[in-house]
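S.K.: Structure file model_14.cif (mmCIF, C-alpha atoms) is given on the next line.
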```
data_model
loop_
_atom_site.label_atom_id
_atom_site.label_comp_id
_atom_site.auth_asym_id
_atom_site.auth_seq_id
_atom_site.Cartn_x
_atom_site.Cartn_y
_atom_site.Cartn_z
CA MET A 645 0.00 0.00 0.00
CA ALA A 646 1.41 3.41 -0.99
CA PRO A 647 2.12 5.88 1.84
CA SER A 648 -0.51 8.58 2.33
CA LEU A 649 2.08 11.29 3.05
CA SER A 650 -0.35 13.56 4.84
CA ASN A 651 1.70 15.46 7.44
CA LEU A 652 4.32 17.92 6.18
CA ILE A 653 6.92 19.96 8.03
CA ILE A 654 8.75 22.77 6.21
CA THR A 655 12.06 24.12 7.52
CA CYS A 656 13.04 26.34 4.60
CA PRO A 657 11.70 29.74 3.47
CA LEU A 658 8.43 29.74 1.55
CA SER A 659 6.18 32.59 0.44
CA PRO A 660 2.69 32.87 1.99
CA GLU A 661 1.13 32.30 -1.43
CA LYS A 662 3.05 29.07 -2.08
CA LEU A 663 2.52 27.89 1.49
CA ALA A 664 -1.23 28.30 1.02
CA GLU A 665 -1.06 26.22 -2.17
CA VAL A 666 1.02 23.50 -0.50
CA LYS A 667 -1.45 23.27 2.38
CA THR A 668 -4.18 22.15 -0.02
CA HIS A 669 -2.23 18.92 -0.67
CA PHE A 670 -1.79 17.73 2.94
CA LYS A 671 -3.82 17.02 6.05
CA SER A 672 -1.45 19.15 8.13
CA VAL A 673 1.39 21.54 7.26
CA HIS A 674 3.67 23.24 9.78
CA HIS A 675 6.20 25.87 8.71
CA TYR A 676 9.32 26.63 10.75
CA PRO A 677 11.50 28.89 8.58
CA PRO A 678 15.22 29.05 9.40
CA GLY A 679 16.20 31.88 11.68
CA GLY A 680 12.90 31.77 13.53
CA LYS A 681 12.64 31.61 17.31
CA ASP A 682 10.65 28.38 17.40
CA LYS A 683 12.03 24.89 16.97
CA VAL A 684 10.01 22.02 15.55
CA PRO A 685 8.29 20.40 18.54
CA LYS A 686 9.09 16.72 18.93
CA GLU A 687 5.39 15.83 19.08
CA LEU A 688 4.94 17.28 15.59
CA ALA A 689 8.17 15.74 14.29
CA LYS A 690 6.89 12.31 15.34
CA LYS A 691 3.76 12.72 13.20
CA ALA A 692 5.55 14.04 10.11
CA ASP A 693 5.83 11.72 7.11
CA VAL A 694 7.12 14.39 4.69
CA TRP A 695 9.78 17.06 5.28
CA TYR A 696 10.72 19.98 3.02
CA SER A 697 14.19 21.12 4.04
CA ASN A 698 17.09 23.24 2.91
CA TYR A 699 20.50 21.68 2.22
CA THR A 700 21.12 20.93 5.91
CA GLY A 701 18.41 18.25 6.08
CA ILE A 702 16.54 17.56 9.32
CA PRO A 703 17.42 20.12 12.05
CA GLU A 704 20.34 18.92 14.16
CA TYR A 705 18.38 19.09 17.42
CA LEU A 706 16.26 16.15 16.21
CA LYS A 707 17.40 12.52 16.21
CA PHE A 708 16.17 9.54 14.21
CA GLU A 709 13.97 8.36 17.09
CA ASP A 710 12.17 11.73 16.91
CA ILE A 711 10.93 11.09 13.34
CA PRO A 712 9.55 7.52 13.43
CA ASN A 713 6.97 8.13 10.68
CA LEU A 714 9.09 10.11 8.24
CA ARG A 715 9.17 8.62 4.74
CA LEU A 716 10.23 11.41 2.37
CA VAL A 717 12.66 14.32 2.69
CA GLN A 718 12.68 16.84 -0.15
CA LEU A 719 15.82 18.98 -0.16
CA THR A 720 16.22 22.38 -1.79
CA SER A 721 19.81 21.58 -2.84
CA ALA A 722 21.24 19.49 -5.65
CA GLY A 723 23.83 17.94 -3.33
CA ALA A 724 22.91 15.90 -0.27
CA ASN A 725 26.28 15.45 1.44
CA THR A 726 25.46 17.92 4.23
CA ALA A 727 21.94 16.60 4.80
CA LEU A 728 23.23 13.04 5.04
CA LYS A 729 25.40 14.12 7.98
CA SER A 730 22.47 15.45 10.01
CA PRO A 731 21.94 13.38 13.20
CA ALA A 732 18.48 12.20 12.13
CA LEU A 733 19.64 10.90 8.75
CA ASN A 734 23.17 9.61 9.25
CA SER A 735 22.32 6.03 10.18
CA GLU A 736 21.73 2.95 8.06
CA GLN A 737 18.35 2.49 9.73
CA ALA A 738 17.27 6.01 8.76
CA LEU A 739 18.29 5.56 5.14
CA LYS A 740 16.30 2.31 4.92
CA GLN A 741 13.15 4.03 6.15
CA ILE A 742 13.47 7.49 4.58
CA THR A 743 13.79 8.44 0.93
CA ILE A 744 15.78 11.63 0.34
CA SER A 745 15.27 13.54 -2.89
CA SER A 746 17.51 16.34 -4.10
CA ALA A 747 16.38 19.47 -5.92
CA SER A 748 18.45 18.69 -8.99
CA GLY A 749 16.76 20.45 -11.88
CA ILE A 750 15.54 23.64 -10.25
CA HIS A 751 18.96 25.31 -10.57
CA SER A 752 18.64 25.46 -14.35
CA LEU A 753 16.92 28.83 -13.84
CA SER A 754 19.91 30.46 -12.18
CA ILE A 755 23.32 28.77 -12.25
CA PRO A 756 23.64 28.49 -16.06
CA GLN A 757 23.00 32.25 -16.28
CA TRP A 758 25.80 32.80 -13.77
CA ILE A 759 28.12 30.56 -15.80
CA LEU A 760 27.40 32.46 -19.02
CA SER A 761 27.81 35.85 -17.40
CA GLN A 762 31.10 34.90 -15.78
CA SER A 763 32.44 33.33 -18.97
CA ILE A 764 31.73 36.53 -20.88
CA SER A 765 33.14 38.67 -18.08
CA LEU A 766 36.39 36.69 -18.06
CA TYR A 767 36.68 36.75 -21.85
CA MET A 768 35.95 40.50 -22.03
CA HIS A 769 37.66 41.29 -18.70
CA LEU A 770 34.52 43.20 -17.73
CA TYR A 771 35.21 42.73 -14.02
CA LEU A 772 38.62 44.42 -14.34
CA GLN A 773 37.30 47.24 -16.52
CA THR A 774 34.52 47.95 -14.03
CA TYR A 775 36.91 47.81 -11.07
CA ASN A 776 39.49 50.10 -12.68
CA LEU A 777 37.06 52.78 -13.80
CA ARG A 778 35.30 52.78 -10.44
CA HIS A 779 38.55 53.19 -8.49
CA THR A 780 40.55 55.46 -10.81
CA GLN A 781 37.58 57.47 -12.07
CA LYS A 782 39.50 57.91 -15.33
CA TRP A 783 38.43 57.02 -18.89
CA ALA A 784 41.15 54.46 -19.71
CA ARG A 785 40.73 51.47 -22.01
CA ASN A 786 43.87 49.48 -21.28
CA ILE A 787 43.88 47.14 -18.30
CA PRO A 788 47.09 47.46 -16.26
CA GLN A 789 46.57 44.12 -14.51
CA LEU A 790 47.05 42.37 -17.90
CA PRO A 791 50.00 42.20 -20.30
CA PRO A 792 49.98 45.12 -22.77
CA PRO A 793 48.48 44.39 -26.21
CA PRO A 794 50.74 43.91 -29.25
CA PRO A 795 51.49 47.11 -31.16
CA GLY A 796 48.51 48.11 -33.27
CA ASP A 797 46.13 45.71 -31.53
CA PHE A 798 42.73 46.92 -30.37
CA GLY A 799 43.31 47.06 -26.62
CA ASN A 800 43.86 44.14 -24.25
CA SER A 801 40.33 43.68 -22.99
CA GLY A 802 38.34 41.42 -25.29
CA ARG A 803 38.04 37.91 -26.69
CA THR A 804 35.09 36.14 -28.28
CA LEU A 805 33.38 32.90 -27.35
CA TYR A 806 32.72 32.20 -31.03
CA GLY A 807 34.33 28.93 -32.13
CA LYS A 808 35.66 28.04 -28.68
CA THR A 809 35.13 24.65 -27.02
CA ALA A 810 33.47 24.42 -23.64
CA GLY A 811 34.32 21.31 -21.65
CA LEU A 812 31.53 20.48 -19.23
CA LEU A 813 32.94 18.50 -16.32
CA GLY A 814 29.79 16.77 -15.16
CA TYR A 815 26.69 16.71 -17.37
CA GLY A 816 23.75 17.05 -15.04
CA HIS A 817 20.89 19.53 -15.30
CA ILE A 818 23.10 22.59 -14.72
CA ALA A 819 25.55 21.58 -17.44
CA ARG A 820 22.76 20.62 -19.86
CA GLU A 821 21.09 24.02 -19.66
CA THR A 822 24.51 25.69 -19.88
CA ALA A 823 25.20 23.68 -23.04
CA ARG A 824 21.91 24.80 -24.57
CA LEU A 825 22.72 28.45 -23.88
CA LEU A 826 26.31 28.16 -25.13
CA LYS A 827 25.15 26.94 -28.53
CA ALA A 828 23.69 30.41 -29.15
CA PHE A 829 27.28 31.72 -29.05
CA ASN A 830 28.49 29.10 -31.55
CA VAL A 831 30.48 27.33 -28.87
CA ASN A 832 31.37 23.67 -29.38
CA VAL A 833 30.34 21.63 -26.35
CA ILE A 834 32.02 18.47 -25.07
CA ALA A 835 31.30 16.67 -21.81
CA ALA A 836 33.06 14.43 -19.31
CA ASN A 837 31.40 12.09 -16.86
CA SER A 838 32.38 8.91 -15.05
CA THR A 839 31.43 6.60 -17.93
CA GLY A 840 32.19 8.69 -20.99
CA GLU A 841 28.77 7.79 -22.37
CA LYS A 842 25.66 9.77 -23.27
CA ARG A 843 22.65 9.30 -21.00
CA LYS A 844 19.12 10.63 -20.85
CA ASP A 845 18.21 13.11 -18.12
CA GLU A 846 15.50 11.44 -16.05
CA GLY A 847 15.39 14.07 -13.33
CA PHE A 848 13.22 17.13 -12.80
CA ILE A 849 13.20 19.23 -15.98
CA ILE A 850 11.73 22.72 -16.19
CA PRO A 851 10.01 23.01 -19.59
CA GLY A 852 12.20 24.58 -22.26
CA THR A 853 15.47 24.00 -20.43
CA GLY A 854 18.34 21.56 -20.72
CA ASP A 855 19.29 18.72 -23.03
CA GLU A 856 17.09 15.78 -22.04
CA GLU A 857 18.54 13.31 -24.56
CA GLY A 858 22.14 14.43 -24.11
CA ILE A 859 22.62 15.22 -27.80
CA ILE A 860 24.30 18.64 -27.58
CA PRO A 861 27.87 17.54 -26.77
CA SER A 862 29.89 16.67 -29.86
CA ALA A 863 31.87 14.14 -27.80
CA TYR A 864 31.86 12.47 -24.39
CA TYR A 865 34.91 11.57 -22.31
CA SER A 866 35.46 9.54 -19.15
CA THR A 867 36.93 10.95 -15.94
CA ASN A 868 37.80 7.37 -14.93
CA ASP A 869 40.04 6.90 -17.98
CA PRO A 870 43.18 9.03 -17.51
CA GLN A 871 43.90 9.32 -21.23
CA SER A 872 40.28 10.14 -22.09
CA PHE A 873 40.16 12.75 -19.32
CA LYS A 874 43.42 14.32 -20.49
CA THR A 875 42.08 14.53 -24.05
CA PHE A 876 38.94 16.23 -22.75
CA LEU A 877 40.97 18.79 -20.85
CA SER A 878 43.27 19.47 -23.81
CA LYS A 879 40.25 20.57 -25.86
CA SER A 880 38.52 22.66 -23.16
CA ASP A 881 39.02 26.38 -23.78
CA ILE A 882 36.33 26.94 -21.16
CA LEU A 883 36.35 24.33 -18.39
CA ILE A 884 33.02 24.35 -16.56
CA ALA A 885 32.83 22.18 -13.44
CA SER A 886 29.49 21.36 -11.82
CA LEU A 887 30.39 18.20 -9.93
CA PRO A 888 29.06 17.29 -6.47
CA SER A 889 31.42 16.49 -3.62
CA THR A 890 32.06 12.75 -3.50
CA PRO A 891 35.10 10.61 -2.63
CA GLN A 892 35.75 10.35 -6.38
CA THR A 893 35.65 14.11 -7.05
CA ILE A 894 37.56 15.48 -4.06
CA ASP A 895 40.88 16.90 -5.31
CA LEU A 896 40.16 15.51 -8.77
CA LEU A 897 41.96 18.36 -10.55
CA LYS A 898 45.70 18.48 -9.88
CA ASP A 899 48.67 20.28 -11.42
CA GLU A 900 48.89 17.98 -14.41
CA HIS A 901 45.23 18.51 -15.26
CA PHE A 902 45.54 22.29 -15.38
CA GLU A 903 48.74 21.90 -17.40
CA ALA A 904 46.78 19.88 -20.00
CA LEU A 905 44.40 22.76 -20.77
CA PRO A 906 44.77 24.82 -23.97
CA LYS A 907 46.56 28.16 -23.87
CA ASP A 908 44.42 30.95 -22.37
CA ALA A 909 41.82 28.51 -20.96
CA ILE A 910 39.42 29.73 -18.28
CA LEU A 911 37.85 27.82 -15.40
CA ILE A 912 34.31 28.08 -14.02
CA ASN A 913 33.44 26.15 -10.85
CA VAL A 914 29.86 25.98 -9.55
CA GLY A 915 29.98 22.45 -8.10
CA ARG A 916 31.98 22.09 -4.90
CA GLY A 917 35.16 23.81 -3.82
CA ASP A 918 36.99 20.62 -2.88
CA LEU A 919 37.38 19.69 -6.57
CA PHE A 920 40.90 21.17 -6.34
CA LYS A 921 43.13 22.91 -3.83
CA SER A 922 43.22 26.70 -3.91
CA GLU A 923 47.01 26.54 -4.01
CA THR A 924 46.80 24.39 -7.14
CA LEU A 925 44.51 26.91 -8.83
CA ILE A 926 46.71 29.88 -7.95
CA LYS A 927 49.76 28.04 -9.29
CA ALA A 928 47.94 27.31 -12.58
CA LEU A 929 46.98 30.98 -12.91
CA ASP A 930 50.42 32.31 -12.05
CA GLN A 931 52.15 29.89 -14.43
CA GLY A 932 49.84 30.79 -17.32
CA HIS A 933 47.94 27.50 -17.59
CA LEU A 934 44.74 29.48 -16.94
CA SER A 935 43.94 33.02 -18.02
CA GLY A 936 41.07 33.41 -15.56
CA ALA A 937 38.80 31.66 -13.09
CA ALA A 938 35.29 32.32 -11.77
CA LEU A 939 34.41 30.59 -8.51
CA ASP A 940 31.11 30.30 -6.71
CA VAL A 941 32.54 27.58 -4.46
CA THR A 942 35.96 27.56 -2.83
CA ASP A 943 38.57 25.60 -0.91
CA PRO A 944 38.10 26.17 1.97
CA GLU A 945 34.49 27.31 2.15
CA PRO A 946 33.84 29.84 3.49
CA LEU A 947 37.05 31.31 2.11
CA THR A 948 39.15 32.63 4.99
CA ASP A 949 39.52 36.37 5.50
CA GLY A 950 42.43 37.79 3.53
CA HIS A 951 42.83 34.72 1.32
CA PRO A 952 44.93 35.49 -1.80
CA LEU A 953 42.12 34.43 -4.14
CA TYR A 954 40.11 37.51 -3.12
CA THR A 955 42.60 39.89 -4.71
CA HIS A 956 44.03 37.78 -7.52
CA PRO A 957 43.59 39.84 -10.72
CA LEU A 958 42.49 36.84 -12.76
CA VAL A 959 39.83 35.56 -10.34
CA THR A 960 36.23 36.50 -9.64
CA ILE A 961 34.42 35.06 -6.63
CA THR A 962 30.84 35.00 -5.40
CA PRO A 963 29.95 33.47 -1.99
CA HIS A 964 28.07 30.37 -3.18
CA THR A 965 25.19 32.46 -4.51
CA SER A 966 25.00 31.34 -8.14
CA SER A 967 21.84 29.38 -7.41
CA ASN A 968 20.04 32.35 -5.90
CA VAL A 969 16.98 33.37 -7.89
CA LYS A 970 13.69 34.93 -6.92
CA GLY A 971 11.15 32.18 -6.27
CA TYR A 972 13.80 29.50 -5.67
CA PHE A 973 12.01 27.78 -2.80
CA GLU A 974 8.69 28.03 -4.63
CA VAL A 975 10.09 26.07 -7.58
CA GLY A 976 11.45 23.55 -5.08
CA ALA A 977 7.96 23.23 -3.62
CA ASP A 978 6.67 22.31 -7.09
CA LEU A 979 9.16 19.44 -7.11
CA LEU A 980 8.05 18.46 -3.60
CA LEU A 981 4.41 18.23 -4.72
CA GLU A 982 5.33 16.22 -7.80
CA ASN A 983 7.32 13.75 -5.72
CA VAL A 984 4.55 13.40 -3.14
CA LYS A 985 2.09 12.71 -5.95
CA ARG A 986 4.35 10.02 -7.39
CA VAL A 987 4.85 8.27 -4.05
CA ARG A 988 1.12 8.34 -3.27
CA GLU A 989 0.48 6.66 -6.61
CA GLY A 990 2.96 3.91 -5.77
CA GLY A 991 5.82 5.29 -7.86
CA LYS A 992 9.31 6.54 -7.11
CA PRO A 993 10.21 10.16 -6.48
CA ILE A 994 12.38 12.16 -8.87
CA ASN A 995 16.02 12.71 -7.85
CA LYS A 996 16.21 9.95 -5.26
CA VAL A 997 19.56 10.37 -3.51
CA ASP A 998 22.09 7.56 -3.50
CA PRO A 999 23.71 7.87 -0.02
CA GLU A 1000 26.93 6.27 -1.23
CA LYS A 1001 27.32 8.88 -3.95
CA GLY A 1002 26.04 11.79 -1.89
CA TYR A 1003 23.64 12.99 -4.61
#
```
Could you express the structure from this file as C-alpha cells?
M.R.:
Amino acid sequence: MAPSLSNLIITCPLSPEKLAEVKTHFKSVHHYPPGGKDKVPKELAKKADVWYSNYTGIPEYLKFEDIPNLRLVQLTSAGANTALKSPALNSEQALKQITISSASGIHSLSIPQWILSQSISLYMHLYLQTYNLRHTQKWARNIPQLPPPPPGDFGNSGRTLYGKTAGLLGYGHIARETARLLKAFNVNVIAANSTGEKRKDEGFIIPGTGDEEGIIPSAYYSTNDPQSFKTFLSKSDILIASLPSTPQTIDLLKDEHFEALPKDAILINVGRGDLFKSETLIKALDQGHLSGAALDVTDPEPLTDGHPLYTHPLVTITPHTSSNVKGYFEVGADLLLENVKRVREGGKPINKVDPEKGY
C-alpha cells in the first residue's frame, strides 16, 4: 500500500502564497522557517511523514527516534552530502526508512546564467574594466593588470566565445542548460562524466530547459580513464565544473590537469570547492595554464579572510550564490508536490539520492 504522506513539516523559506497552495495537498502543514525563534516540537516531528528542508536536512536538534513516521525528505539543494550528515539521517536504519530527494533540476533557472555571465566577463575582462574605472575614475581602455596588447592591436580587454570549445565537467541539469545556452554563441560543447557515455536526463526538468537526450555535446569523455580525461581537458578552452562532492571528485583536478588545458583557458566552478586545492589553482593561474577563473565555491568554504584568491587579478568570486533566484524555494515546492504525488500513486520520487554517492 502506498504511503498517504499527509503530514508535512517545512524548515526552509516559503512565500505565503506558495505555502497556502502547499497546504491544499496535505492534512497538516507546519512551517518553521530558518532563523525563527521556534524549533520544531518533537510531538509534531513524530507525526511528520514528509519534510521539506534546505541543504542541511533535518534540524540537528532532532534525532532519528524523533521522526519515526518520516518517509520522504525533499531537499532544496542538488547535493545531499550535508543533509546526510544530520543526526536524524546519518544512520543505516534512517536511510532504509526514509527516501531523500535532491532538488536537482531547479537550478537550471539560475546557475547556467551565472556561468554564461562569468564566462563573458572573463573573456571581455569586464570585471577588471569595471573595477578600474570605479577606483581610478579615469576614462582608460587598457587594463594594467594584464600584459599590454601587441602594437597596433585593439586594446587588451576582449576575446570572443565564437568557435571556442566548452568542456563540461559533469553533465547534469546545470551543465545541460549551460550547453543549450552556449550553442547560441556558436560554442562547441564536449562533456566528461564517469562513464564517458551519453545518457538521458531522467530528473526534474523545467520546460524549455536543458538537453534531455544528451545530444548537444559533440563528444563524451570519461573521468575514470586518464587518457580520455586528459584529451577532454586538452580541448577545453572553457572548463566548466558542476560536480558534487564525493570521494571520487575530491581533489580531482591536480597540477597535471591544469597543465593539460589549452593556452588561455578559463575555469568556471559551480559544483563544490573541494574539486581542487586553492594553491593548485593559484599556481595554474600564475604559471599561465589558466587566463582566468570564476568561482562560486571555494577551498576552503567559506574562504578565509584575507585569502589570496580575493585579490588575484584573474579571479572573480561569489559566496556560493550562483543558485540564488527569486522564487527559488517556490520552484522547489513544485518538485516536492510532484514527488509526493508520485509516491502516493505507488511510484518513485524524482532525484532519489544515493547515499553512497552523496547525490
S.K.: Pick out the closest residue to A:Ile961 from this set: A:Thr942, A:Asn734, A:Asn713, A:Gln892. Count all atoms listed in the file.
M.R.: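 Once distances to A:Ile961 are computed over all atoms listed in the file, the minimum belongs to A:Thr942.
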S.K.: Find the distance between atom CA of A:Lys992 and atom CA of A:Ile711 and write it in Å to one decimal.
M.R.: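 That distance, rounded to one decimal, is 21.0 Å.
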S.K.: Between A:Thr890, A:Leu980, A:Leu658, A:Asp930, single out the one closest to A:Ala724, counting all atoms listed in the file.
M.R.: A:Thr890
S.K.: Between A:Lys671, A:His751, A:Arg916, A:Lys842, which residue has the minimum interatomic distance to A:Ile859, considering all atoms listed in the file?
M.R.: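 Nearest candidate to A:Ile859 out of A:Lys671, A:His751, A:Arg916, A:Lys842: A:Lys842.
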S.K.: Which of these residues is nearest to A:Tyr775, using all atoms listed in the file: A:Ser866, A:Ser650, A:Ser761, A:Gln789?
M.R.: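 With all atoms listed in the file as the atom set, the closest residue is A:Gln789.
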S.K.: I'd like the interatomic distance between atom CA of A:Ala823 and atom CA of A:Thr809, to a tenth of an Å.
M.R.: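 Between these atoms lies a distance of 10.7 Å.
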S.K.: Would you translate the PyMOL selection byres ((chain A and resi 678) around 9) into the concrete set of residues it matches in this file, as a short mmCIF file (atom, residue, chain, number, x, y, z; two decimals) with C-alpha atoms, in the coordinates of the input?
M.R.:
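This is the output file part12.cif:
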```cif
data_model
loop_
_atom_site.label_atom_id
_atom_site.label_comp_id
_atom_site.auth_asym_id
_atom_site.auth_seq_id
_atom_site.Cartn_x
_atom_site.Cartn_y
_atom_site.Cartn_z
CA THR A 655 12.06 24.12 7.52
CA CYS A 656 13.04 26.34 4.60
CA PRO A 657 11.70 29.74 3.47
CA TYR A 676 9.32 26.63 10.75
CA PRO A 677 11.50 28.89 8.58
CA GLY A 679 16.20 31.88 11.68
CA GLY A 680 12.90 31.77 13.53
CA LYS A 681 12.64 31.61 17.31
CA ASN A 698 17.09 23.24 2.91
#
```
S.K.: When you write stretch 702-721 of chain A out from the block above, keep N, CA, C and O atoms and present the result as a tab-separated table (two decimals), in the first residue's frame, please.
M.R.:
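The file below, result_39.tsv, is the result:
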```tsv
chain	number	residue	atom	x	y	z
A	702	ILE	N	17.34	17.45	8.10
A	702	ILE	CA	16.54	17.56	9.32
A	702	ILE	C	17.33	18.37	10.35
A	702	ILE	O	18.53	18.15	10.52
A	703	PRO	N	16.69	19.32	11.05
A	703	PRO	CA	17.42	20.12	12.05
A	703	PRO	C	18.21	19.26	13.02
A	703	PRO	O	17.76	18.19	13.45
A	704	GLU	N	19.40	19.74	13.38
A	704	GLU	CA	20.34	18.92	14.16
A	704	GLU	C	19.86	18.62	15.57
A	704	GLU	O	20.39	17.70	16.22
A	705	TYR	N	18.88	19.38	16.07
A	705	TYR	CA	18.38	19.09	17.42
A	705	TYR	C	17.42	17.90	17.45
A	705	TYR	O	16.95	17.49	18.51
A	706	LEU	N	17.12	17.34	16.27
A	706	LEU	CA	16.26	16.15	16.21
A	706	LEU	C	17.09	14.91	15.86
A	706	LEU	O	18.01	14.98	15.05
A	707	LYS	N	16.73	13.80	16.46
A	707	LYS	CA	17.40	12.52	16.21
A	707	LYS	C	16.45	11.60	15.44
A	707	LYS	O	15.26	11.89	15.28
A	708	PHE	N	16.98	10.47	14.99
A	708	PHE	CA	16.17	9.54	14.21
A	708	PHE	C	14.94	9.06	14.99
A	708	PHE	O	13.84	8.93	14.43
A	709	GLU	N	15.11	8.84	16.29
A	709	GLU	CA	13.97	8.36	17.09
A	709	GLU	C	12.87	9.42	17.21
A	709	GLU	O	11.73	9.09	17.60
A	710	ASP	N	13.17	10.67	16.86
A	710	ASP	CA	12.17	11.73	16.91
A	710	ASP	C	11.31	11.80	15.65
A	710	ASP	O	10.33	12.56	15.61
A	711	ILE	N	11.67	11.03	14.62
A	711	ILE	CA	10.93	11.09	13.34
A	711	ILE	C	10.53	9.68	12.89
A	711	ILE	O	10.85	9.26	11.78
A	712	PRO	N	9.82	8.93	13.72
A	712	PRO	CA	9.55	7.52	13.43
A	712	PRO	C	8.67	7.29	12.20
A	712	PRO	O	8.69	6.20	11.62
A	713	ASN	N	7.89	8.31	11.80
A	713	ASN	CA	6.97	8.13	10.68
A	713	ASN	C	7.45	8.78	9.38
A	713	ASN	O	6.75	8.71	8.36
A	714	LEU	N	8.61	9.39	9.41
A	714	LEU	CA	9.09	10.11	8.24
A	714	LEU	C	9.43	9.15	7.11
A	714	LEU	O	10.11	8.14	7.30
A	715	ARG	N	8.94	9.47	5.91
A	715	ARG	CA	9.17	8.62	4.74
A	715	ARG	C	9.85	9.35	3.59
A	715	ARG	O	10.52	8.72	2.78
A	716	LEU	N	9.67	10.67	3.50
A	716	LEU	CA	10.23	11.41	2.37
A	716	LEU	C	10.79	12.75	2.83
A	716	LEU	O	10.11	13.51	3.53
A	717	VAL	N	12.04	13.01	2.46
A	717	VAL	CA	12.66	14.32	2.69
A	717	VAL	C	12.95	14.94	1.33
A	717	VAL	O	13.67	14.34	0.52
A	718	GLN	N	12.40	16.11	1.08
A	718	GLN	CA	12.68	16.84	-0.15
A	718	GLN	C	13.64	17.98	0.18
A	718	GLN	O	13.31	18.88	0.95
A	719	LEU	N	14.83	17.93	-0.39
A	719	LEU	CA	15.82	18.98	-0.16
A	719	LEU	C	15.65	20.10	-1.17
A	719	LEU	O	15.06	19.92	-2.24
A	720	THR	N	16.21	21.26	-0.85
A	720	THR	CA	16.22	22.38	-1.79
A	720	THR	C	17.56	22.49	-2.50
A	720	THR	O	17.78	23.42	-3.28
A	721	SER	N	18.46	21.55	-2.25
A	721	SER	CA	19.81	21.58	-2.84
A	721	SER	C	19.99	20.40	-3.78
A	721	SER	O	19.33	19.37	-3.66
```
